[in-house]
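Okay, start_24.txt is below, compact mmCIF, C-alpha atoms:
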```txt
# COMPACT_ATOMS: atom_id res chain seq x y z
CA MET A 29 7.91 61.24 42.09
CA ALA A 30 6.32 59.90 38.90
CA ASP A 31 7.28 61.80 35.77
CA ALA A 32 4.00 61.61 33.83
CA VAL A 33 0.54 60.52 34.95
CA VAL A 34 -2.58 60.47 32.79
CA LEU A 35 -6.08 61.14 34.07
CA ILE A 36 -8.86 59.93 31.76
CA ILE A 37 -11.95 62.06 32.29
CA ALA A 38 -14.96 59.73 32.02
CA ALA A 39 -17.59 61.24 34.32
CA GLY A 40 -19.98 62.56 31.66
CA ARG A 41 -23.34 61.15 30.64
CA GLY A 42 -22.84 61.36 26.85
CA HIS A 43 -26.57 61.76 26.05
CA ARG A 44 -25.97 63.16 22.55
CA ALA A 45 -24.39 59.87 21.48
CA GLY A 46 -27.65 57.99 22.19
CA GLY A 47 -27.67 54.32 23.06
CA GLY A 48 -28.80 54.64 26.68
CA THR A 49 -25.46 53.64 28.23
CA PRO A 50 -22.93 56.48 28.71
CA LYS A 51 -20.82 56.61 25.56
CA GLN A 52 -17.56 55.80 27.36
CA TYR A 53 -18.98 52.38 28.27
CA ARG A 54 -20.42 51.57 24.84
CA MET A 55 -18.66 49.08 22.60
CA LEU A 56 -16.36 50.22 19.80
CA ALA A 57 -15.02 47.43 17.60
CA GLY A 58 -15.29 44.88 20.41
CA GLN A 59 -14.02 46.97 23.32
CA THR A 60 -15.49 49.81 25.33
CA VAL A 61 -14.56 53.36 24.43
CA LEU A 62 -13.07 53.87 27.89
CA ARG A 63 -10.93 50.75 27.70
CA ARG A 64 -9.55 51.80 24.33
CA SER A 65 -8.68 55.26 25.66
CA CYS A 66 -6.91 53.81 28.68
CA MET A 67 -4.95 51.29 26.62
CA GLN A 68 -3.54 54.00 24.35
CA PHE A 69 -1.71 55.46 27.35
CA LEU A 70 -0.92 52.20 29.15
CA ALA A 71 0.99 51.14 26.05
CA HIS A 72 3.10 54.32 26.02
CA PRO A 73 6.60 53.83 27.47
CA ARG A 74 6.81 57.37 28.88
CA ILE A 75 3.58 57.21 30.90
CA ASP A 76 4.06 56.05 34.49
CA ALA A 77 0.43 55.57 35.53
CA VAL A 78 -3.11 55.98 34.23
CA GLY A 79 -6.11 56.89 36.34
CA THR A 80 -9.74 57.66 35.62
CA VAL A 81 -12.33 60.14 36.87
CA ILE A 82 -15.80 58.58 36.68
CA HIS A 83 -19.39 59.35 37.57
CA PRO A 84 -20.25 58.13 41.10
CA ASP A 85 -23.06 55.97 39.65
CA ASP A 86 -20.81 54.16 37.18
CA HIS A 87 -18.53 52.05 39.38
CA SER A 88 -19.94 48.71 38.20
CA LEU A 89 -19.71 49.79 34.55
CA TYR A 90 -16.18 51.00 35.18
CA GLU A 91 -15.03 47.77 36.82
CA SER A 92 -16.34 45.73 33.91
CA ALA A 93 -14.85 48.02 31.27
CA THR A 94 -11.35 48.20 32.77
CA ALA A 95 -10.86 44.76 34.32
CA GLY A 96 -7.23 43.68 34.31
CA LEU A 97 -5.75 46.98 33.09
CA GLY A 98 -3.91 47.91 36.28
CA LEU A 99 -5.22 51.47 36.56
CA LEU A 100 -5.00 53.77 39.56
CA PRO A 101 -8.09 53.64 41.82
CA PRO A 102 -11.02 55.45 40.16
CA ILE A 103 -11.86 58.98 41.30
CA ASP A 104 -15.42 60.28 41.56
CA GLY A 105 -16.11 63.23 39.28
CA GLY A 106 -18.07 66.42 39.82
CA ASP A 107 -21.06 68.15 38.23
CA THR A 108 -19.05 69.51 35.27
CA ARG A 109 -16.06 68.34 33.27
CA LEU A 110 -13.82 70.93 34.86
CA ALA A 111 -15.04 70.00 38.33
CA SER A 112 -14.17 66.39 37.51
CA CYS A 113 -10.71 67.45 36.35
CA ARG A 114 -10.09 69.27 39.60
CA ASN A 115 -11.25 66.24 41.60
CA GLY A 116 -8.77 64.13 39.68
CA LEU A 117 -5.92 66.56 40.22
CA GLU A 118 -6.65 66.86 43.93
CA ALA A 119 -6.85 63.07 44.32
CA ILE A 120 -3.22 62.56 43.25
CA ALA A 121 -1.85 65.52 45.24
CA ALA A 122 -0.53 63.27 48.01
CA ASP A 123 1.89 61.66 45.55
CA PRO A 124 2.21 64.32 42.84
CA PRO A 125 3.76 63.64 39.43
CA ARG A 126 5.97 66.13 37.64
CA ARG A 127 3.58 66.29 34.69
CA VAL A 128 -0.07 65.38 34.19
CA LEU A 129 -2.03 64.72 31.00
CA LEU A 130 -5.82 65.20 31.06
CA HIS A 131 -7.64 63.27 28.35
CA ASP A 132 -11.27 62.87 27.29
CA ALA A 133 -12.41 59.26 27.52
CA ALA A 134 -14.41 59.94 24.35
CA ARG A 135 -11.17 60.22 22.30
CA PRO A 136 -10.24 56.52 22.07
CA LEU A 137 -8.11 56.80 18.92
CA VAL A 138 -5.42 59.17 20.18
CA GLY A 139 -2.13 58.13 18.63
CA ARG A 140 1.31 57.79 20.19
CA PRO A 141 2.78 60.66 18.09
CA VAL A 142 0.23 63.09 19.58
CA ILE A 143 1.12 61.95 23.10
CA ASP A 144 4.83 62.27 22.29
CA ARG A 145 4.42 65.81 20.99
CA VAL A 146 2.56 66.93 24.12
CA LEU A 147 5.19 65.38 26.42
CA GLU A 148 8.04 66.92 24.44
CA ALA A 149 6.44 70.38 24.55
CA LEU A 150 6.14 70.11 28.32
CA GLU A 151 9.93 70.03 28.59
CA THR A 152 9.97 73.77 27.84
CA ALA A 153 6.40 74.95 28.51
CA PRO A 154 4.08 74.63 31.55
CA ALA A 155 1.13 73.66 29.33
CA ALA A 156 0.72 72.04 25.92
CA ILE A 157 -2.28 70.92 23.88
CA PRO A 158 -2.73 69.18 20.52
CA ALA A 159 -4.75 71.18 18.03
CA ILE A 160 -5.68 71.34 14.34
CA PRO A 161 -5.90 74.61 12.41
CA VAL A 162 -9.42 75.52 11.25
CA SER A 163 -9.66 75.10 7.49
CA ASP A 164 -13.41 75.42 6.91
CA THR A 165 -15.16 78.73 6.50
CA LEU A 166 -16.90 79.72 9.72
CA LYS A 167 -20.44 81.10 9.84
CA ARG A 168 -22.47 82.60 12.64
CA ALA A 169 -26.21 81.84 12.59
CA ASP A 170 -29.30 83.03 14.41
CA ALA A 171 -31.88 80.94 16.28
CA PHE A 172 -33.51 80.01 12.93
CA ASP A 173 -30.22 78.69 11.44
CA ARG A 174 -29.90 81.66 9.11
CA VAL A 175 -26.39 82.97 8.49
CA THR A 176 -25.74 86.32 10.13
CA ALA A 177 -22.00 86.66 9.58
CA THR A 178 -18.88 85.06 8.09
CA LEU A 179 -16.05 84.91 10.60
CA PRO A 180 -12.32 85.14 9.91
CA ARG A 181 -10.56 81.83 10.53
CA ASP A 182 -6.98 83.10 10.63
CA GLY A 183 -5.23 81.93 13.77
CA LEU A 184 -8.09 79.65 14.86
CA TRP A 185 -7.40 76.09 16.04
CA ARG A 186 -9.54 73.13 17.13
CA ALA A 187 -8.28 71.93 20.51
CA GLN A 188 -7.96 68.22 21.30
CA THR A 189 -6.75 66.14 24.23
CA PRO A 190 -4.57 65.00 25.94
CA GLN A 191 -3.85 68.41 27.36
CA GLY A 192 -0.59 68.33 29.27
CA PHE A 193 0.59 70.45 32.18
CA ASP A 194 3.18 70.93 34.83
CA TYR A 195 1.23 69.28 37.63
CA ALA A 196 1.88 71.83 40.36
CA ALA A 197 1.08 74.72 38.00
CA ILE A 198 -2.27 73.37 36.76
CA LEU A 199 -3.37 72.32 40.26
CA GLU A 200 -2.67 75.83 41.52
CA ALA A 201 -4.50 77.28 38.51
CA TYR A 202 -7.59 75.23 39.34
CA ARG A 203 -7.42 76.27 42.99
CA GLN A 204 -7.07 79.97 42.18
CA THR A 205 -9.23 80.38 39.04
CA GLU A 206 -12.98 80.71 38.68
CA VAL A 207 -13.75 78.08 36.03
CA THR A 208 -17.38 79.05 35.31
CA GLY A 209 -17.88 79.29 31.55
CA LEU A 210 -14.51 77.77 30.67
CA THR A 211 -14.62 74.72 28.40
CA ASP A 212 -11.26 72.97 28.71
CA ASP A 213 -8.23 72.66 30.96
CA ALA A 214 -6.12 74.89 28.74
CA ALA A 215 -8.63 77.70 29.35
CA VAL A 216 -8.02 77.32 33.09
CA ALA A 217 -4.27 77.57 32.45
CA GLU A 218 -4.79 80.63 30.24
CA ALA A 219 -6.94 82.32 32.88
CA ALA A 220 -4.16 81.76 35.41
CA GLY A 221 -1.61 83.35 33.10
CA LEU A 222 0.17 80.14 32.06
CA PRO A 223 1.48 80.10 28.48
CA VAL A 224 -0.02 77.23 26.47
CA GLN A 225 1.99 75.67 23.65
CA LEU A 226 0.14 74.24 20.61
CA VAL A 227 1.39 71.01 19.05
CA ALA A 228 0.05 69.19 16.00
CA GLY A 229 -3.05 67.10 16.62
CA GLU A 230 -4.51 64.44 14.34
CA GLU A 231 -7.85 64.17 12.56
CA ALA A 232 -8.08 60.55 13.71
CA ASN A 233 -8.10 61.79 17.32
CA LEU A 234 -11.82 62.46 17.03
CA LYS A 235 -14.12 63.00 19.97
CA ILE A 236 -17.11 60.67 20.01
CA THR A 237 -20.09 62.93 20.59
CA ARG A 238 -22.94 61.68 18.40
CA GLU A 239 -24.01 58.33 16.98
CA ASP A 240 -22.33 59.06 13.63
CA ASP A 241 -19.00 59.38 15.44
CA PHE A 242 -19.15 55.72 16.44
CA ARG A 243 -19.40 54.78 12.77
CA ARG A 244 -16.50 57.07 11.89
CA ALA A 245 -14.36 55.57 14.64
CA GLU A 246 -15.26 52.00 13.57
CA SER A 247 -14.25 52.88 10.01
CA LEU A 248 -10.92 54.29 11.15
CA LEU A 249 -10.20 51.23 13.29
CA SER A 250 -11.01 48.84 10.45
CA GLY A 251 -8.27 50.41 8.35
CA GLN A 252 -5.65 50.65 11.09
CA GLY A 253 -2.88 48.37 12.10
CA ASP A 254 -0.61 45.55 11.14
CA ILE A 255 -2.72 42.38 11.39
CA ARG A 256 -0.82 39.43 12.87
CA VAL A 257 -1.86 35.81 13.43
CA GLY A 258 -0.17 33.43 15.85
CA THR A 259 -0.78 29.75 16.61
CA GLY A 260 -0.22 27.66 19.71
CA PHE A 261 -0.35 24.00 20.64
CA ASP A 262 -0.06 22.18 23.96
CA ILE A 263 -0.66 18.66 25.21
CA HIS A 264 -0.70 17.10 28.69
CA ARG A 265 -1.15 13.59 30.01
CA PHE A 266 -3.82 12.60 32.50
CA VAL A 267 -2.83 11.41 35.97
CA GLU A 268 -4.72 10.35 39.08
CA GLY A 269 -6.88 13.17 40.36
CA ASN A 270 -10.34 14.63 40.72
CA GLY A 271 -10.40 17.37 38.10
CA LEU A 272 -8.45 19.83 35.99
CA GLN A 273 -8.03 23.51 35.24
CA LEU A 274 -9.20 24.23 31.71
CA CYS A 275 -9.67 27.63 30.01
CA GLY A 276 -9.20 29.22 33.41
CA ILE A 277 -11.99 27.35 35.21
CA TRP A 278 -12.03 24.20 37.36
CA ILE A 279 -13.77 21.15 35.90
CA SER A 280 -14.49 18.06 37.99
CA HIS A 281 -13.22 14.87 36.35
CA ASP A 282 -12.09 11.41 37.38
CA LYS A 283 -8.50 12.32 36.43
CA GLY A 284 -6.08 15.19 36.87
CA VAL A 285 -3.44 16.60 34.53
CA ALA A 286 0.36 16.64 34.79
CA GLY A 287 2.23 19.61 33.44
CA HIS A 288 3.71 23.07 33.79
CA SER A 289 2.07 25.33 36.42
CA ASP A 290 -1.60 24.36 36.85
CA ALA A 291 -1.38 22.46 33.54
CA ASP A 292 -4.16 24.44 31.85
CA VAL A 293 -3.59 23.16 28.34
CA ALA A 294 -5.95 25.72 26.76
CA LEU A 295 -4.40 28.80 28.36
CA HIS A 296 -0.93 27.50 27.50
CA ALA A 297 -1.88 27.14 23.84
CA LEU A 298 -3.54 30.55 23.80
CA THR A 299 -0.50 32.15 25.44
CA ASP A 300 1.79 30.69 22.78
CA ALA A 301 -0.57 31.88 20.06
CA VAL A 302 -0.51 35.47 21.35
CA LEU A 303 3.26 35.38 21.83
CA GLY A 304 3.66 34.03 18.33
CA ALA A 305 1.61 36.85 16.85
CA VAL A 306 4.06 39.42 18.21
CA ALA A 307 7.15 37.24 17.68
CA GLU A 308 7.93 37.03 21.41
CA ALA A 309 9.24 33.43 21.56
CA ASP A 310 7.15 30.91 23.54
CA ILE A 311 5.67 30.30 26.96
CA GLY A 312 8.68 28.28 28.10
CA THR A 313 10.97 31.22 27.42
CA HIS A 314 8.93 33.58 29.59
CA PHE A 315 7.97 31.01 32.25
CA PRO A 316 10.54 28.17 32.23
CA PRO A 317 9.10 24.89 33.53
CA SER A 318 12.43 24.28 35.27
CA ASP A 319 11.86 27.31 37.51
CA PRO A 320 10.16 26.18 40.74
CA GLN A 321 8.34 29.50 41.17
CA TRP A 322 5.92 28.48 38.41
CA GLN A 323 5.05 25.13 39.97
CA GLY A 324 1.28 25.13 40.38
CA ALA A 325 1.00 28.75 39.17
CA ASP A 326 -2.28 30.06 37.77
CA SER A 327 -1.93 29.99 33.98
CA ALA A 328 -4.11 33.08 33.74
CA MET A 329 -0.98 35.11 34.55
CA PHE A 330 0.71 33.66 31.44
CA LEU A 331 -2.04 34.77 29.08
CA SER A 332 -2.30 38.12 30.87
CA HIS A 333 1.45 38.63 30.41
CA ALA A 334 1.21 37.85 26.69
CA ALA A 335 -1.66 40.33 26.35
CA SER A 336 0.44 42.98 28.12
CA LEU A 337 3.20 42.50 25.55
CA VAL A 338 0.68 43.22 22.80
CA ALA A 339 -0.47 46.37 24.62
CA ALA A 340 3.15 47.47 25.06
CA ARG A 341 3.46 47.44 21.28
CA GLY A 342 0.46 49.76 21.01
CA GLY A 343 -1.69 46.87 19.79
CA GLU A 344 -4.70 44.84 20.81
CA ILE A 345 -5.89 41.25 20.63
CA ALA A 346 -8.75 41.14 18.13
CA HIS A 347 -9.82 37.49 18.53
CA LEU A 348 -8.87 34.27 20.30
CA ASP A 349 -9.87 30.77 19.15
CA VAL A 350 -9.00 27.54 20.94
CA THR A 351 -9.90 23.95 20.06
CA LEU A 352 -9.77 21.34 22.82
CA ILE A 353 -9.00 17.76 21.77
CA CYS A 354 -10.03 15.05 24.20
CA GLU A 355 -12.40 12.14 24.73
CA ALA A 356 -13.43 13.53 28.13
CA PRO A 357 -14.40 15.65 29.97
CA LYS A 358 -17.34 17.08 28.04
CA ILE A 359 -16.66 20.68 27.03
CA GLY A 360 -20.12 21.81 25.91
CA PRO A 361 -21.62 22.40 29.38
CA HIS A 362 -18.68 24.65 30.29
CA ARG A 363 -18.16 26.48 27.01
CA ASP A 364 -19.75 29.82 27.94
CA ALA A 365 -17.96 29.97 31.29
CA MET A 366 -14.69 29.19 29.51
CA ARG A 367 -15.21 31.94 26.95
CA ALA A 368 -16.09 34.43 29.66
CA ARG A 369 -12.98 33.60 31.69
CA ILE A 370 -10.64 33.83 28.69
CA GLY A 371 -12.21 37.16 27.77
CA GLU A 372 -11.73 38.42 31.32
CA ILE A 373 -8.05 37.47 31.30
CA ALA A 374 -7.28 38.88 27.84
CA GLY A 375 -9.58 41.91 28.03
CA LEU A 376 -11.96 40.77 25.28
CA THR A 377 -15.70 40.73 24.91
CA LEU A 378 -17.45 37.37 24.58
CA ASP A 379 -17.97 37.75 20.83
CA ARG A 380 -14.18 37.79 20.36
CA VAL A 381 -13.49 34.49 22.11
CA SER A 382 -14.18 31.07 20.60
CA VAL A 383 -13.92 27.70 22.38
CA LYS A 384 -14.47 24.53 20.37
CA ALA A 385 -13.97 20.85 21.10
CA THR A 386 -13.38 17.65 19.22
CA THR A 387 -12.30 14.06 19.93
CA ALA A 388 -9.49 11.95 18.49
CA GLU A 389 -11.99 9.29 17.36
CA ARG A 390 -10.45 6.81 19.84
CA LEU A 391 -7.14 6.99 18.00
CA GLY A 392 -3.73 7.31 19.60
CA PHE A 393 -2.67 8.83 22.92
CA ILE A 394 -5.67 11.13 23.23
CA GLY A 395 -8.11 8.61 21.81
CA ARG A 396 -7.18 6.14 24.54
CA GLY A 397 -8.11 8.77 27.12
CA ASP A 398 -4.53 9.21 28.26
CA GLY A 399 -4.39 12.98 27.80
CA ILE A 400 -5.75 16.24 26.42
CA ALA A 401 -4.48 18.70 23.82
CA ALA A 402 -5.35 22.19 22.64
CA GLN A 403 -4.56 24.21 19.57
CA ALA A 404 -5.13 27.94 19.44
CA VAL A 405 -5.12 30.87 17.05
CA ALA A 406 -4.72 34.52 18.08
CA THR A 407 -5.43 37.47 15.83
CA VAL A 408 -3.62 40.64 16.87
CA ARG A 409 -3.78 44.17 15.50
CA LEU A 410 -0.63 46.25 16.01
```

Spell out the structure here as structure tokens.
Amino acid sequence: MADAVVLIIAAGRGHRAGGGTPKQYRMLAGQTVLRRSCMQFLAHPRIDAVGTVIHPDDHSLYESATAGLGLLPPIDGGDTRLASCRNGLEAIAADPPRRVLLHDAARPLVGRPVIDRVLEALETAPAAIPAIPVSDTLKRADAFDRVTATLPRDGLWRAQTPQGFDYAAILEAYRQTEVTGLTDDAAVAEAAGLPVQLVAGEEANLKITREDDFRRAESLLSGQGDIRVGTGFDIHRFVEGNGLQLCGIWISHDKGVAGHSDADVALHALTDAVLGAVAEADIGTHFPPSDPQWQGADSAMFLSHAASLVAARGGEIAHLDVTLICEAPKIGPHRDAMRARIGEIAGLTLDRVSVKATTAERLGFIGRGDGIAAQAVATVRL
């Protein structure tokens, strides 16, 4: 039995946010809102698995937004948020966890301390939610926006997600409770008689609802994190062959390349750059060339592993830049495909991947056409 599973609720349409595309699939500082929400939990050491509940029409958007994350299979949602939550809970009933966290996809900035507080509260309570006490004066208005009353704010809290529950208890609550008119999972628990524990939320854990919220979230992200930069370099000699693997794609050429794994010099340099940014040694430490299991291996797994180490630190790769140094083959015709493949492996959009090329001006080992080199820079935000 898993201890803690997260279900990201992403089945809404998000019309109030504008933009045409559902807000969970819109870009926020280079990544989709949904991907950011998922990564916050994937990076948490006490979360065993992360799944999503999505709109039945959004499978192609979902696959693009979450490629490479290793999520549970997506679950189709219902007509309302609470119907989607029940679908998600029922879908994992065959292999039930001890605890489940239900989180709005539109809260992509949830911090680890909030998640920790919810998990800790669930050790002694069947339900726990993060919340912030209301500090503003509350007014009631009529249909013409005229104030009709001032309301007391004592004891009032603004609920956030993730909302955490004993899995068996919340599933039974959903099965036994009429959810019409209820607005969150905690209300379902309350209606079933489950005590709900409040823990401290965070203002940064905002819910993206309108267009202005995207700007607020971008502003918060721009001021967050420990910015790290790592560099990488790799070089391989040419041998007899008919092509080479470069930036994750196959390029026909009158020579091949000798080296570790599939000898993808670009992905090796990029891997070292990412590892360097988080001070995690080098590619040879993680994938020793003396180990026969890596002979001919796809270098994409090396870069993917380095990216997972960044995610495990609660961070993200902000940008990757690689320069290829060779007399041939020509890089220009393949540049866009290379950028797309690197982005797919590292979980980045195309505007955060740069591939450049230069020659050695016929000088030295590379200039004689005897080999190819790559140097890379990775920018990481922890």

Inset, instruction - Identify, on the basis of all atoms listed in the file, every residue whose closest approach to A:Arg145 does not exceed 9 Å; exclude the query and any residue fewer than 4 positions from it along the same chain; express the result as a PyMOL selection string. - result: chain A and resi 140-141+149-150+156-158+227-229

Legend entry - Point-to-point distance in Å for atom CA of A:Ile75 and atom CA of A:Val128: 9.5 Å

Legend entry - Residues within 12 Å of (-15.2, 30.1, 33.5), file coords, all atoms listed in the file, listed as an NGL selection string: :A and (273-279 or 328 or 359 or 361-373 or 378 or 383)

Produce a file of the selected residues containing C-alpha atoms, as a compact mmCIF listing (two decimals), in the frame of the given file.
```txt
# COMPACT_ATOMS: atom_id res chain seq x y z
CA GLN A 273 -8.03 23.51 35.24
CA LEU A 274 -9.20 24.23 31.71
CA CYS A 275 -9.67 27.63 30.01
CA GLY A 276 -9.20 29.22 33.41
CA ILE A 277 -11.99 27.35 35.21
CA TRP A 278 -12.03 24.20 37.36
CA ILE A 279 -13.77 21.15 35.90
CA ALA A 328 -4.11 33.08 33.74
CA ILE A 359 -16.66 20.68 27.03
CA PRO A 361 -21.62 22.40 29.38
CA HIS A 362 -18.68 24.65 30.29
CA ARG A 363 -18.16 26.48 27.01
CA ASP A 364 -19.75 29.82 27.94
CA ALA A 365 -17.96 29.97 31.29
CA MET A 366 -14.69 29.19 29.51
CA ARG A 367 -15.21 31.94 26.95
CA ALA A 368 -16.09 34.43 29.66
CA ARG A 369 -12.98 33.60 31.69
CA ILE A 370 -10.64 33.83 28.69
CA GLY A 371 -12.21 37.16 27.77
CA GLU A 372 -11.73 38.42 31.32
CA ILE A 373 -8.05 37.47 31.30
CA LEU A 378 -17.45 37.37 24.58
CA VAL A 383 -13.92 27.70 22.38
```

Inset, instruction - Would you work out the distance separating atom CA of A:Ile345 from atom CA of A:Ala294, expressed in Å to one decimal? - result: 16.7 Å

Using only the atoms of stretch 347-353 of chain A listed in the file, plus 3 Å on each side, state the axis-aligned box centre and edge lengths in Å rounded to one decimal, as AutoDock Vina command-line options.
```
--center_x -9.4 --center_y 27.6 --center_z 20.7 --size_x 7.0 --size_y 25.7 --size_z 10.3
```

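Each of A:Ala134, A:Ala339, A:Ala171, A:Ala111 was checked against A:Thr205 using all atoms listed in the file; the smallest atom-to-atom distance is that of A:Ala111.
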
Inset, instruction - Have a look at atom CA of A:Tyr53 and atom CA of A:Glu230 and let me know their distance in Å, one decimal. - result: 23.4 Å

Inset, instruction - Please check which residues have atoms at most 10 Å from (4.6, 43.5, 15.0) in the file's coordinates, counting only C-alpha atoms, and write them as a list in words. - result: Gly253, Asp254, Ile255, Arg256, Ala305, Val306, Ala307, Glu308, Val338, Arg341, Gly342, Gly343, Val408, Arg409 and Leu410 of chain A

Inset, instruction - Just the residues within 9 Å of A:Pro316, please, counting all atoms listed in the file, with nothing from its chain fewer than 5 positions along; format it as a PyMOL selection string. - result: chain A and resi 288+311+322

Keeping only C-alpha atoms, write the selected residues to a file as a compact mmCIF listing (two decimals), in the coordinates of the input.
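Below is the file selection01.txt, written as the result:
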```txt
# COMPACT_ATOMS: atom_id res chain seq x y z
CA HIS A 288 3.71 23.07 33.79
CA ILE A 311 5.67 30.30 26.96
CA TRP A 322 5.92 28.48 38.41
```

Legend entry - Using only C-alpha atoms: which of A:His347, A:Thr299, A:Pro136, A:Gly312 has the shortest distance to A:Phe330: A:Thr299

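Using all atoms listed in the file, the shortest contact distance between A:Gln204 and any of A:Gly192, A:Gly221, A:Pro84, A:Gly183 is found at A:Gly221.
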
Would you fill out stretch 379-398 of chain A with N, CA and C atoms and return it as a short mmCIF file (atom, residue, chain, number, x, y, z; two decimals), keeping the file's coordinate frame?
```cif
data_model
loop_
_atom_site.label_atom_id
_atom_site.label_comp_id
_atom_site.auth_asym_id
_atom_site.auth_seq_id
_atom_site.Cartn_x
_atom_site.Cartn_y
_atom_site.Cartn_z
N ASP A 379 -17.88 38.02 22.27
CA ASP A 379 -17.97 37.75 20.83
C ASP A 379 -16.60 37.68 20.16
N ARG A 380 -15.53 37.89 20.92
CA ARG A 380 -14.18 37.79 20.36
C ARG A 380 -13.40 36.61 20.93
N VAL A 381 -14.12 35.69 21.55
CA VAL A 381 -13.49 34.49 22.11
C VAL A 381 -14.26 33.26 21.63
N SER A 382 -13.55 32.30 21.07
CA SER A 382 -14.18 31.07 20.60
C SER A 382 -13.54 29.86 21.29
N VAL A 383 -14.38 28.97 21.80
CA VAL A 383 -13.92 27.70 22.38
C VAL A 383 -14.64 26.57 21.67
N LYS A 384 -13.89 25.66 21.08
CA LYS A 384 -14.47 24.53 20.37
C LYS A 384 -13.87 23.24 20.94
N ALA A 385 -14.47 22.13 20.61
CA ALA A 385 -13.97 20.85 21.10
C ALA A 385 -14.17 19.77 20.05
N THR A 386 -13.26 18.81 20.09
CA THR A 386 -13.38 17.65 19.22
C THR A 386 -12.72 16.45 19.92
N THR A 387 -12.94 15.26 19.39
CA THR A 387 -12.30 14.06 19.93
C THR A 387 -11.24 13.58 18.95
N ALA A 388 -10.49 12.57 19.37
CA ALA A 388 -9.49 11.95 18.49
C ALA A 388 -10.02 10.66 17.88
N GLU A 389 -11.34 10.47 17.94
CA GLU A 389 -11.99 9.29 17.36
C GLU A 389 -11.36 7.99 17.86
N ARG A 390 -11.01 7.99 19.17
CA ARG A 390 -10.45 6.81 19.84
C ARG A 390 -9.10 6.40 19.29
N LEU A 391 -8.43 7.30 18.60
CA LEU A 391 -7.14 6.99 18.00
C LEU A 391 -6.01 7.59 18.82
N GLY A 392 -4.95 6.80 19.00
CA GLY A 392 -3.73 7.31 19.60
C GLY A 392 -3.85 7.66 21.06
N PHE A 393 -2.84 8.44 21.53
CA PHE A 393 -2.67 8.83 22.92
C PHE A 393 -3.94 9.48 23.48
N ILE A 394 -4.48 10.43 22.75
CA ILE A 394 -5.67 11.13 23.23
C ILE A 394 -6.90 10.23 23.11
N GLY A 395 -6.97 9.49 22.02
CA GLY A 395 -8.11 8.61 21.81
C GLY A 395 -8.25 7.54 22.86
N ARG A 396 -7.13 7.14 23.47
CA ARG A 396 -7.18 6.14 24.54
C ARG A 396 -7.57 6.78 25.87
N GLY A 397 -7.76 8.09 25.88
CA GLY A 397 -8.11 8.77 27.12
C GLY A 397 -6.94 9.04 28.03
N ASP A 398 -5.73 9.02 27.45
CA ASP A 398 -4.53 9.21 28.26
C ASP A 398 -4.14 10.68 28.42
#
```
